[in-house]
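Text of structure-v2.csv, listed as CSV, N, CA and C atoms:
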chain,number,residue,atom,x,y,z
I,720,MET,N,-5.9,-1.0,20.3
I,720,MET,CA,-4.9,-0.7,19.2
I,720,MET,C,-5.4,-1.3,17.9
I,721,ALA,N,-5.1,-0.7,16.9
I,721,ALA,CA,-5.4,-1.2,15.5
I,721,ALA,C,-4.4,-2.2,15.0
I,722,TRP,N,-4.9,-3.1,14.2
I,722,TRP,CA,-4.0,-4.1,13.6
I,722,TRP,C,-3.6,-3.6,12.2
I,723,PRO,N,-2.5,-4.0,11.6
I,723,PRO,CA,-2.1,-3.7,10.3
I,723,PRO,C,-3.1,-4.3,9.3
I,724,THR,N,-3.2,-3.7,8.1
I,724,THR,CA,-4.1,-4.3,7.1
I,724,THR,C,-3.2,-4.9,6.0
I,725,VAL,N,-3.5,-6.1,5.6
I,725,VAL,CA,-2.7,-6.7,4.5
I,725,VAL,C,-3.7,-6.7,3.3
I,726,THR,N,-3.2,-6.4,2.2
I,726,THR,CA,-4.0,-6.3,0.9
I,726,THR,C,-3.5,-7.2,-0.1
I,727,ILE,N,-4.2,-7.3,-1.2
I,727,ILE,CA,-3.8,-8.1,-2.3
I,727,ILE,C,-2.6,-7.6,-2.9
I,728,ASP,N,-2.4,-6.2,-2.9
I,728,ASP,CA,-1.2,-5.6,-3.4
I,728,ASP,C,0.1,-6.1,-2.6
I,729,ASP,N,-0.1,-6.4,-1.3
I,729,ASP,CA,1.0,-6.9,-0.6
I,729,ASP,C,1.3,-8.3,-1.0
I,730,LEU,N,0.3,-9.1,-1.3
I,730,LEU,CA,0.5,-10.5,-1.8
I,730,LEU,C,1.2,-10.5,-3.1
I,731,VAL,N,0.7,-9.7,-4.0
I,731,VAL,CA,1.3,-9.6,-5.4
I,731,VAL,C,2.7,-9.1,-5.3
I,732,GLY,N,3.0,-8.1,-4.5
I,732,GLY,CA,4.3,-7.5,-4.4
I,732,GLY,C,5.3,-8.4,-3.8
I,733,ARG,N,4.9,-9.3,-3.0
I,733,ARG,CA,5.8,-10.2,-2.3
I,733,ARG,C,5.9,-11.6,-2.9
I,734,TRP,N,5.0,-11.8,-3.9
I,734,TRP,CA,5.0,-13.2,-4.5
I,734,TRP,C,5.0,-13.0,-6.1
I,735,ARG,N,3.8,-12.9,-6.7
I,735,ARG,CA,3.7,-12.8,-8.1
I,735,ARG,C,2.3,-12.4,-8.5
I,736,PRO,N,2.1,-12.0,-9.7
I,736,PRO,CA,0.7,-11.6,-10.1
I,736,PRO,C,-0.2,-12.8,-9.9
I,737,LEU,N,-1.4,-12.6,-9.5
I,737,LEU,CA,-2.4,-13.7,-9.3
I,737,LEU,C,-3.1,-14.0,-10.5
I,738,THR,N,-3.5,-15.3,-10.6
I,738,THR,CA,-4.4,-15.8,-11.7
I,738,THR,C,-5.8,-15.3,-11.3
I,739,PRO,N,-6.7,-15.2,-12.3
I,739,PRO,CA,-8.0,-14.8,-12.0
I,739,PRO,C,-8.7,-15.7,-10.9
I,740,GLU,N,-8.4,-17.0,-10.9
I,740,GLU,CA,-9.0,-17.8,-9.9
I,740,GLU,C,-8.4,-17.5,-8.5
I,741,GLU,N,-7.1,-17.2,-8.4
I,741,GLU,CA,-6.5,-16.8,-7.2
I,741,GLU,C,-7.0,-15.5,-6.7
I,742,ALA,N,-7.1,-14.5,-7.6
I,742,ALA,CA,-7.6,-13.2,-7.3
I,742,ALA,C,-9.0,-13.2,-6.7
I,743,ALA,N,-9.8,-14.2,-7.2
I,743,ALA,CA,-11.2,-14.3,-6.7
I,743,ALA,C,-11.2,-14.7,-5.2
I,744,VAL,N,-10.3,-15.6,-4.8
I,744,VAL,CA,-10.3,-16.1,-3.4
I,744,VAL,C,-9.3,-15.4,-2.5
I,745,ALA,N,-8.4,-14.7,-3.0
I,745,ALA,CA,-7.3,-14.1,-2.2
I,745,ALA,C,-7.8,-13.2,-1.1
I,746,PRO,N,-8.8,-12.3,-1.3
I,746,PRO,CA,-9.2,-11.4,-0.2
I,746,PRO,C,-9.8,-12.2,1.0
I,747,GLN,N,-10.5,-13.2,0.7
I,747,GLN,CA,-11.0,-14.0,1.9
I,747,GLN,C,-9.9,-14.8,2.5
I,748,ARG,N,-9.0,-15.3,1.8
I,748,ARG,CA,-7.8,-16.0,2.4
I,748,ARG,C,-7.0,-15.1,3.2
I,749,ILE,N,-6.8,-13.9,2.8
I,749,ILE,CA,-6.1,-12.9,3.6
I,749,ILE,C,-6.8,-12.6,4.9
I,750,LYS,N,-8.1,-12.4,4.8
I,750,LYS,CA,-8.9,-12.2,6.0
I,750,LYS,C,-8.8,-13.4,7.0
I,751,ASP,N,-8.8,-14.6,6.4
I,751,ASP,CA,-8.7,-15.8,7.2
I,751,ASP,C,-7.3,-15.9,7.9
I,752,ALA,N,-6.3,-15.6,7.2
I,752,ALA,CA,-4.9,-15.6,7.7
I,752,ALA,C,-4.7,-14.5,8.8
I,753,GLU,N,-5.3,-13.3,8.5
I,753,GLU,CA,-5.2,-12.3,9.5
I,753,GLU,C,-5.9,-12.7,10.8
I,754,SER,N,-7.1,-13.3,10.7
I,754,SER,CA,-7.9,-13.7,11.9
I,754,SER,C,-7.1,-14.7,12.6
I,755,GLU,N,-6.5,-15.7,11.9
I,755,GLU,CA,-5.8,-16.8,12.6
I,755,GLU,C,-4.6,-16.2,13.4
I,756,LEU,N,-3.8,-15.3,12.7
I,756,LEU,CA,-2.7,-14.7,13.3
I,756,LEU,C,-3.0,-13.8,14.5
I,757,ARG,N,-4.1,-13.0,14.4
I,757,ARG,CA,-4.5,-12.1,15.4
I,757,ARG,C,-5.0,-13.0,16.7
I,758,THR,N,-5.7,-14.0,16.4
I,758,THR,CA,-6.1,-14.9,17.5
I,758,THR,C,-4.9,-15.5,18.3
I,759,GLU,N,-3.9,-15.9,17.5
I,759,GLU,CA,-2.7,-16.5,18.2
I,759,GLU,C,-2.0,-15.4,18.9
I,760,LEU,N,-1.9,-14.2,18.4
I,760,LEU,CA,-1.2,-13.1,19.1
I,760,LEU,C,-2.0,-12.7,20.4
I,761,ARG,N,-3.3,-12.7,20.3
I,761,ARG,CA,-4.1,-12.3,21.5
I,761,ARG,C,-3.9,-13.4,22.6
I,762,LEU,N,-3.8,-14.6,22.2
I,762,LEU,CA,-3.5,-15.7,23.2
I,762,LEU,C,-2.2,-15.4,23.9
I,763,ARG,N,-1.3,-14.7,23.2
I,763,ARG,CA,0.0,-14.4,23.8
I,763,ARG,C,0.1,-13.0,24.4
I,764,GLY,N,-1.1,-12.3,24.5
I,764,GLY,CA,-1.1,-11.0,25.2
I,764,GLY,C,-0.9,-9.8,24.3
I,765,VAL,N,-0.9,-10.0,23.0
I,765,VAL,CA,-0.7,-8.9,22.1
I,765,VAL,C,-2.0,-8.5,21.5
I,766,ASP,N,-2.5,-7.3,21.7
I,766,ASP,CA,-3.8,-6.8,21.3
I,766,ASP,C,-3.8,-5.8,20.2
I,767,GLY,N,-2.8,-5.7,19.4
I,767,GLY,CA,-2.6,-4.8,18.3
I,767,GLY,C,-1.1,-4.5,18.1
I,768,ILE,N,-0.9,-3.5,17.4
I,768,ILE,CA,0.5,-3.1,17.1
I,768,ILE,C,1.2,-2.7,18.4
I,769,PRO,N,2.2,-3.4,18.9
I,769,PRO,CA,2.8,-3.0,20.1
I,769,PRO,C,3.4,-1.6,20.0
I,770,THR,N,3.6,-0.9,21.2
I,770,THR,CA,4.2,0.4,21.2
I,770,THR,C,5.7,0.2,21.3
I,771,PHE,N,6.5,0.9,20.5
I,771,PHE,CA,7.9,0.8,20.5
I,771,PHE,C,8.5,2.2,20.7
I,772,SER,N,9.6,2.2,21.4
I,772,SER,CA,10.3,3.5,21.6
I,772,SER,C,10.9,4.0,20.3
I,773,ASP,N,11.3,3.1,19.4
I,773,ASP,CA,11.9,3.5,18.1
I,773,ASP,C,10.9,3.3,17.0
I,774,PRO,N,10.6,4.3,16.2
I,774,PRO,CA,9.6,4.1,15.1
I,774,PRO,C,10.1,3.0,14.1
I,775,SER,N,11.3,2.8,13.9
I,775,SER,CA,11.8,1.8,13.0
I,775,SER,C,11.4,0.4,13.5
I,776,GLU,N,11.3,0.2,14.8
I,776,GLU,CA,10.9,-1.1,15.3
I,776,GLU,C,9.4,-1.4,15.0
I,777,ARG,N,8.6,-0.3,15.0
I,777,ARG,CA,7.2,-0.4,14.7
I,777,ARG,C,7.1,-0.9,13.2
I,778,GLU,N,7.8,-0.2,12.3
I,778,GLU,CA,7.8,-0.5,10.9
I,778,GLU,C,8.3,-2.0,10.7
I,779,ASP,N,9.3,-2.4,11.4
I,779,ASP,CA,9.8,-3.8,11.3
I,779,ASP,C,8.7,-4.8,11.7
I,780,TRP,N,8.0,-4.5,12.8
I,780,TRP,CA,7.0,-5.3,13.3
I,780,TRP,C,5.8,-5.4,12.3
I,781,ILE,N,5.4,-4.3,11.7
I,781,ILE,CA,4.3,-4.3,10.7
I,781,ILE,C,4.8,-5.1,9.5
I,782,ASN,N,6.0,-4.9,9.0
I,782,ASN,CA,6.6,-5.6,7.9
I,782,ASN,C,6.6,-7.1,8.1
I,783,LEU,N,7.0,-7.5,9.3
I,783,LEU,CA,7.0,-9.0,9.6
I,783,LEU,C,5.6,-9.5,9.7
I,784,TYR,N,4.7,-8.8,10.3
I,784,TYR,CA,3.3,-9.2,10.4
I,784,TYR,C,2.7,-9.5,8.9
I,785,THR,N,3.0,-8.5,8.1
I,785,THR,CA,2.5,-8.6,6.7
I,785,THR,C,3.2,-9.8,6.0
I,786,ALA,N,4.5,-10.0,6.2
I,786,ALA,CA,5.2,-11.1,5.5
I,786,ALA,C,4.6,-12.4,6.0
I,787,LEU,N,4.3,-12.6,7.3
I,787,LEU,CA,3.7,-13.8,7.7
I,787,LEU,C,2.4,-14.1,7.2
I,788,VAL,N,1.5,-13.1,7.1
I,788,VAL,CA,0.2,-13.3,6.5
I,788,VAL,C,0.3,-13.7,5.0
I,789,VAL,N,1.2,-13.0,4.3
I,789,VAL,CA,1.4,-13.2,2.9
I,789,VAL,C,1.9,-14.7,2.7
I,790,ALA,N,2.9,-15.1,3.5
I,790,ALA,CA,3.4,-16.4,3.4
I,790,ALA,C,2.4,-17.5,3.6
I,791,ALA,N,1.5,-17.3,4.6
I,791,ALA,CA,0.5,-18.3,4.8
I,791,ALA,C,-0.5,-18.4,3.7
I,792,VAL,N,-0.9,-17.2,3.1
I,792,VAL,CA,-1.8,-17.2,2.0
I,792,VAL,C,-1.2,-17.8,0.8
I,793,LYS,N,0.1,-17.5,0.5
I,793,LYS,CA,0.8,-18.0,-0.6
I,793,LYS,C,0.9,-19.5,-0.5
I,794,ASN,N,1.2,-20.1,0.6
I,794,ASN,CA,1.3,-21.5,0.8
I,794,ASN,C,-0.1,-22.2,0.5
I,795,GLU,N,-1.1,-21.5,1.0
I,795,GLU,CA,-2.5,-22.1,0.7
I,795,GLU,C,-2.9,-22.0,-0.7
I,796,LEU,N,-2.5,-20.9,-1.4
I,796,LEU,CA,-2.9,-20.8,-2.8
I,796,LEU,C,-2.0,-21.7,-3.7
I,797,LYS,N,-0.8,-22.0,-3.3
I,797,LYS,CA,0.1,-22.8,-4.1
I,797,LYS,C,-0.4,-24.3,-4.1
I,798,ASN,N,-1.0,-24.7,-3.0
I,798,ASN,CA,-1.5,-26.1,-2.8
I,798,ASN,C,-2.8,-26.1,-2.0
I,799,PRO,N,-3.9,-25.7,-2.7
I,799,PRO,CA,-5.1,-25.6,-1.9
I,799,PRO,C,-5.7,-26.9,-1.5
I,800,GLU,N,-5.4,-28.0,-2.1
I,800,GLU,CA,-5.9,-29.3,-1.7
I,800,GLU,C,-5.0,-30.0,-0.7
I,801,GLY,N,-3.8,-29.5,-0.5
I,801,GLY,CA,-2.9,-30.1,0.5
I,801,GLY,C,-2.2,-31.4,0.0
I,802,TRP,N,-2.1,-31.6,-1.3
I,802,TRP,CA,-1.5,-32.9,-1.7
I,802,TRP,C,0.0,-32.7,-1.6
I,803,ARG,N,0.7,-33.8,-1.1
I,803,ARG,CA,2.1,-33.8,-1.0
I,803,ARG,C,2.8,-34.4,-2.2
I,804,SER,N,2.2,-35.4,-2.8
I,804,SER,CA,2.8,-36.0,-4.0
I,804,SER,C,1.7,-36.4,-5.0
I,805,GLU,N,2.0,-36.4,-6.3
I,805,GLU,CA,1.0,-36.7,-7.3
I,805,GLU,C,1.7,-37.5,-8.4
I,806,ARG,N,1.1,-38.6,-8.9
I,806,ARG,CA,1.7,-39.3,-10.0
I,806,ARG,C,0.6,-39.7,-10.9
I,807,GLU,N,0.8,-39.4,-12.2
I,807,GLU,CA,-0.2,-39.9,-13.2
I,807,GLU,C,0.6,-40.7,-14.2
I,808,GLN,N,-0.1,-41.6,-14.8
I,808,GLN,CA,0.5,-42.5,-15.7
I,808,GLN,C,-0.4,-42.6,-16.9
I,809,LEU,N,0.1,-42.7,-18.1
I,809,LEU,CA,-0.7,-42.7,-19.3
I,809,LEU,C,-1.1,-44.1,-19.7
I,810,ASP,N,-0.1,-45.0,-19.9
I,810,ASP,CA,-0.4,-46.4,-20.3
I,810,ASP,C,-0.8,-47.2,-19.1
I,811,ASP,N,-1.8,-48.0,-19.2
I,811,ASP,CA,-2.4,-48.8,-18.1
I,811,ASP,C,-2.8,-47.9,-17.0
I,812,TYR,N,-3.4,-46.8,-17.3
I,812,TYR,CA,-3.8,-45.7,-16.5
I,812,TYR,C,-3.5,-45.9,-15.0
I,813,GLY,N,-2.8,-45.0,-14.4
I,813,GLY,CA,-2.6,-45.1,-12.9
I,813,GLY,C,-2.5,-43.6,-12.4
I,814,ARG,N,-3.0,-43.5,-11.2
I,814,ARG,CA,-3.0,-42.1,-10.6
I,814,ARG,C,-2.8,-42.2,-9.1
I,815,THR,N,-1.9,-41.5,-8.6
I,815,THR,CA,-1.6,-41.6,-7.2
I,815,THR,C,-1.5,-40.2,-6.6
I,816,PHE,N,-2.2,-40.0,-5.5
I,816,PHE,CA,-2.1,-38.8,-4.7
I,816,PHE,C,-1.9,-39.2,-3.3
I,817,SER,N,-1.1,-38.4,-2.6
I,817,SER,CA,-0.9,-38.7,-1.2
I,817,SER,C,-0.9,-37.4,-0.4
I,818,ARG,N,-1.3,-37.5,0.8
I,818,ARG,CA,-1.3,-36.4,1.7
I,818,ARG,C,-0.8,-36.9,3.0
I,819,GLY,N,0.3,-36.2,3.5
I,819,GLY,CA,0.9,-36.6,4.8
I,819,GLY,C,0.0,-36.3,5.9
I,820,SER,N,0.0,-37.1,7.0
I,820,SER,CA,-0.8,-36.8,8.1
I,820,SER,C,-0.3,-35.6,8.9
I,821,ASN,N,0.9,-35.3,8.8
I,821,ASN,CA,1.4,-34.1,9.5
I,821,ASN,C,1.7,-32.9,8.5
I,822,ASP,N,1.3,-33.1,7.3
I,822,ASP,CA,1.5,-32.0,6.3
I,822,ASP,C,0.3,-31.1,6.3
I,823,ARG,N,0.6,-29.8,6.6
I,823,ARG,CA,-0.5,-28.9,6.7
I,823,ARG,C,-0.7,-28.0,5.5
I,824,SER,N,-0.2,-28.5,4.3
I,824,SER,CA,-0.4,-27.7,3.1
I,824,SER,C,-1.9,-27.7,2.8
I,825,GLY,N,-2.3,-26.6,2.2
I,825,GLY,CA,-3.7,-26.5,1.9
I,825,GLY,C,-4.5,-25.9,3.1
I,826,GLU,N,-3.8,-25.5,4.1
I,826,GLU,CA,-4.5,-24.9,5.3
I,826,GLU,C,-3.7,-23.6,5.5
I,827,ILE,N,-4.4,-22.6,6.1
I,827,ILE,CA,-3.8,-21.4,6.6
I,827,ILE,C,-3.4,-21.7,8.1
I,828,TRP,N,-2.1,-21.6,8.3
I,828,TRP,CA,-1.6,-21.9,9.7
I,828,TRP,C,-0.3,-21.2,9.9
I,829,PHE,N,0.1,-21.0,11.1
I,829,PHE,CA,1.3,-20.4,11.5
I,829,PHE,C,2.1,-21.3,12.5
I,830,GLU,N,3.4,-21.3,12.3
I,830,GLU,CA,4.2,-22.0,13.3
I,830,GLU,C,4.3,-21.2,14.6
I,831,ASP,N,4.5,-21.9,15.7
I,831,ASP,CA,4.6,-21.2,17.0
I,831,ASP,C,5.8,-20.2,16.9
I,832,SER,N,6.9,-20.6,16.2
I,832,SER,CA,8.1,-19.8,16.2
I,832,SER,C,7.8,-18.5,15.4
I,833,ASP,N,6.9,-18.6,14.4
I,833,ASP,CA,6.5,-17.4,13.6
I,833,ASP,C,5.8,-16.4,14.5
I,834,ILE,N,4.9,-16.9,15.3
I,834,ILE,CA,4.1,-16.1,16.2
I,834,ILE,C,5.0,-15.5,17.3
I,835,ASP,N,5.9,-16.3,17.8
I,835,ASP,CA,6.8,-15.8,18.8
I,835,ASP,C,7.6,-14.6,18.4
I,836,ARG,N,7.9,-14.6,17.1
I,836,ARG,CA,8.7,-13.5,16.5
I,836,ARG,C,8.0,-12.2,16.6
I,837,LEU,N,6.6,-12.2,16.6
I,837,LEU,CA,5.8,-11.0,16.7
I,837,LEU,C,5.5,-10.6,18.2
I,838,VAL,N,5.8,-11.4,19.1
I,838,VAL,CA,5.5,-11.0,20.5
I,838,VAL,C,6.7,-10.3,21.0
I,839,PRO,N,6.5,-9.0,21.4
I,839,PRO,CA,7.7,-8.2,21.8
I,839,PRO,C,8.2,-8.7,23.2
I,840,ARG,N,9.5,-8.8,23.3
I,840,ARG,CA,10.1,-9.2,24.6
I,840,ARG,C,10.5,-8.0,25.3
I,841,PRO,N,10.3,-7.9,26.6
I,841,PRO,CA,10.8,-6.8,27.4
I,841,PRO,C,12.3,-6.7,27.3
I,842,ARG,N,12.9,-5.6,27.2
I,842,ARG,CA,14.3,-5.5,27.2
I,842,ARG,C,14.8,-5.6,28.6
I,843,ARG,N,16.0,-6.2,28.7
I,843,ARG,CA,16.6,-6.3,30.0
I,843,ARG,C,17.0,-4.9,30.6
I,844,ARG,N,16.7,-4.8,31.8
I,844,ARG,CA,17.0,-3.5,32.4
I,844,ARG,C,18.5,-3.4,32.7
I,845,ARG,N,19.1,-2.4,32.2
I,845,ARG,CA,20.6,-2.3,32.4
I,845,ARG,C,20.8,-1.3,33.5
I,846,THR,N,21.5,-1.7,34.5
I,846,THR,CA,21.7,-0.8,35.6
I,846,THR,C,23.2,-0.6,35.8
I,847,ALA,N,23.5,0.5,36.5
I,847,ALA,CA,24.9,0.7,36.8
I,847,ALA,C,25.3,-0.2,38.0
I,848,PHE,N,26.6,-0.5,38.1
I,848,PHE,CA,27.0,-1.3,39.2
I,848,PHE,C,28.3,-0.7,39.8
I,849,THR,N,28.7,-1.1,40.9
I,849,THR,CA,29.9,-0.5,41.6
I,849,THR,C,30.8,-1.7,41.9
I,850,ILE,N,32.1,-1.4,41.6
I,850,ILE,CA,33.1,-2.4,41.9
I,850,ILE,C,33.8,-1.9,43.2
I,851,ARG,N,33.7,-2.6,44.2
I,851,ARG,CA,34.4,-2.2,45.5
I,851,ARG,C,35.8,-2.8,45.5
I,852,LEU,N,36.7,-1.9,45.7
I,852,LEU,CA,38.1,-2.3,45.7
I,852,LEU,C,38.5,-2.6,47.2
I,853,GLY,N,39.3,-3.6,47.3
I,853,GLY,CA,39.7,-4.0,48.7
I,853,GLY,C,40.8,-3.0,49.2
I,854,THR,N,41.1,-3.0,50.4
I,854,THR,CA,42.2,-2.1,50.9
I,854,THR,C,43.5,-2.7,50.5
I,855,SER,N,44.4,-1.8,50.3
I,855,SER,CA,45.8,-2.3,49.8
I,855,SER,C,46.8,-2.1,50.9
Render the structure in this file as structure tokens.
Amino acid sequence: MAWPTVTIDDLVGRWRPLTPEEAAVAPQRIKDAESELRTELRLRGVDGIPTFSDPSEREDWINLYTALVVAAVKNELKNPEGWRSEREQLDDYGRTFSRGSNDRSGEIWFEDSDIDRLVPRPRRRRTAFTIRLGTS
């Protein structure tokens, strides 16, 4: 099965116009994010766009896939160095940068809950049942 393709137009349409520096690195970042997401989905048994009985479910799945890739790239482009706080001081020069040990800004990554949203769950099988009435 084929995978959806995410483009720079998707990134611009869901976020904002890119600066020239961002536009230069965005195609590779999108490829990186798609590779990361596809790998995580393959580990969960999804090898492409799942088949759905309803075409609107397929569109929803592709839309969610695109949104997750765009969000990961956007987060990386907003903070490529991964700094959590920054302080500069003019008099008596001072400069502070900090990066949290569990802060993943500056990386392309996905939460497990995001990936789980893309894994289709089998629908519960609904069956008919019989109610037996007692003798009166």
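Residues surrounding Pro723 (chain I) within 8 Å are Met720, Thr726, Gly767, Ile768, Ile781, Tyr784 and Thr785 of chain I [all atoms listed in the file; sequence separation below 3 positions excluded].
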Would you mind exporting N, CA and C atoms of the selected residues as a compact mmCIF listing (two decimals), in the frame of the given file?
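Printed below is part.txt as written:
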# COMPACT_ATOMS: atom_id res chain seq x y z
N MET I 720 -5.90 -1.00 20.30
CA MET I 720 -4.90 -0.70 19.20
C MET I 720 -5.40 -1.30 17.90
N THR I 726 -3.20 -6.40 2.20
CA THR I 726 -4.00 -6.30 0.90
C THR I 726 -3.50 -7.20 -0.10
N GLY I 767 -2.80 -5.70 19.40
CA GLY I 767 -2.60 -4.80 18.30
C GLY I 767 -1.10 -4.50 18.10
N ILE I 768 -0.90 -3.50 17.40
CA ILE I 768 0.50 -3.10 17.10
C ILE I 768 1.20 -2.70 18.40
N ILE I 781 5.40 -4.30 11.70
CA ILE I 781 4.30 -4.30 10.70
C ILE I 781 4.80 -5.10 9.50
N TYR I 784 4.70 -8.80 10.30
CA TYR I 784 3.30 -9.20 10.40
C TYR I 784 2.70 -9.50 8.90
N THR I 785 3.00 -8.50 8.10
CA THR I 785 2.50 -8.60 6.70
C THR I 785 3.20 -9.80 6.00
remark   = From CA of Val838 (chain I) to CA of Asp773 (chain I) the spacing works out at 16.0 Å
task = Work out how far apart atom N of Val788 (chain I) and atom N of Asp728 (chain I) are and give it in Å to one decimal.
result = 12.8 Å
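Straight-line separation from CA of Arg840 (chain I) to CA of Ser754 (chain I): 22.5 Å.
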Expected file for region 765-788 of chain I keeping N, CA and C atoms, as a tab-separated table (two decimals), in the first residue's frame:
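File part-v3.tsv, as written:
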chain	number	residue	atom	x	y	z
I	765	VAL	N	0.88	-1.40	10.65
I	765	VAL	CA	0.24	-0.64	9.58
I	765	VAL	C	1.27	-0.44	8.47
I	766	ASP	N	1.00	-0.97	7.27
I	766	ASP	CA	1.95	-0.90	6.17
I	766	ASP	C	1.51	0.02	5.04
I	767	GLY	N	0.73	1.00	5.33
I	767	GLY	CA	0.25	1.94	4.33
I	767	GLY	C	-1.11	2.45	4.75
I	768	ILE	N	-1.78	3.12	3.84
I	768	ILE	CA	-3.11	3.63	4.17
I	768	ILE	C	-4.03	2.44	4.39
I	769	PRO	N	-4.63	2.34	5.56
I	769	PRO	CA	-5.53	1.22	5.83
I	769	PRO	C	-6.76	1.26	4.91
I	770	THR	N	-7.35	0.13	4.71
I	770	THR	CA	-8.58	0.08	3.92
I	770	THR	C	-9.76	0.32	4.86
I	771	PHE	N	-10.64	1.18	4.42
I	771	PHE	CA	-11.83	1.52	5.19
I	771	PHE	C	-13.05	1.26	4.34
I	772	SER	N	-14.13	0.89	4.98
I	772	SER	CA	-15.37	0.66	4.24
I	772	SER	C	-16.00	1.99	3.79
I	773	ASP	N	-15.74	3.03	4.55
I	773	ASP	CA	-16.30	4.35	4.24
I	773	ASP	C	-15.18	5.24	3.70
I	774	PRO	N	-15.35	5.82	2.50
I	774	PRO	CA	-14.30	6.69	1.93
I	774	PRO	C	-13.96	7.89	2.81
I	775	SER	N	-14.92	8.38	3.58
I	775	SER	CA	-14.63	9.54	4.43
I	775	SER	C	-13.65	9.16	5.54
I	776	GLU	N	-13.68	7.90	6.00
I	776	GLU	CA	-12.72	7.46	7.01
I	776	GLU	C	-11.30	7.47	6.44
I	777	ARG	N	-11.17	7.09	5.19
I	777	ARG	CA	-9.86	7.13	4.52
I	777	ARG	C	-9.33	8.57	4.46
I	778	GLU	N	-10.21	9.50	4.07
I	778	GLU	CA	-9.82	10.91	4.01
I	778	GLU	C	-9.43	11.43	5.39
I	779	ASP	N	-10.19	11.05	6.41
I	779	ASP	CA	-9.87	11.47	7.78
I	779	ASP	C	-8.50	10.94	8.20
I	780	TRP	N	-8.21	9.69	7.85
I	780	TRP	CA	-6.93	9.08	8.21
I	780	TRP	C	-5.78	9.81	7.52
I	781	ILE	N	-5.93	10.12	6.23
I	781	ILE	CA	-4.89	10.84	5.49
I	781	ILE	C	-4.71	12.24	6.06
I	782	ASN	N	-5.81	12.90	6.41
I	782	ASN	CA	-5.75	14.24	7.00
I	782	ASN	C	-5.02	14.22	8.33
I	783	LEU	N	-5.31	13.23	9.16
I	783	LEU	CA	-4.64	13.12	10.46
I	783	LEU	C	-3.15	12.81	10.28
I	784	TYR	N	-2.81	11.93	9.36
I	784	TYR	CA	-1.41	11.61	9.05
I	784	TYR	C	-0.66	12.88	8.65
I	785	THR	N	-1.26	13.65	7.74
I	785	THR	CA	-0.63	14.90	7.28
I	785	THR	C	-0.49	15.89	8.43
I	786	ALA	N	-1.52	16.01	9.26
I	786	ALA	CA	-1.47	16.94	10.39
I	786	ALA	C	-0.36	16.57	11.37
I	787	LEU	N	-0.16	15.28	11.63
I	787	LEU	CA	0.89	14.86	12.56
I	787	LEU	C	2.28	15.14	12.01
I	788	VAL	N	2.48	14.89	10.72
I	788	VAL	CA	3.78	15.18	10.11
I	788	VAL	C	4.05	16.68	10.14
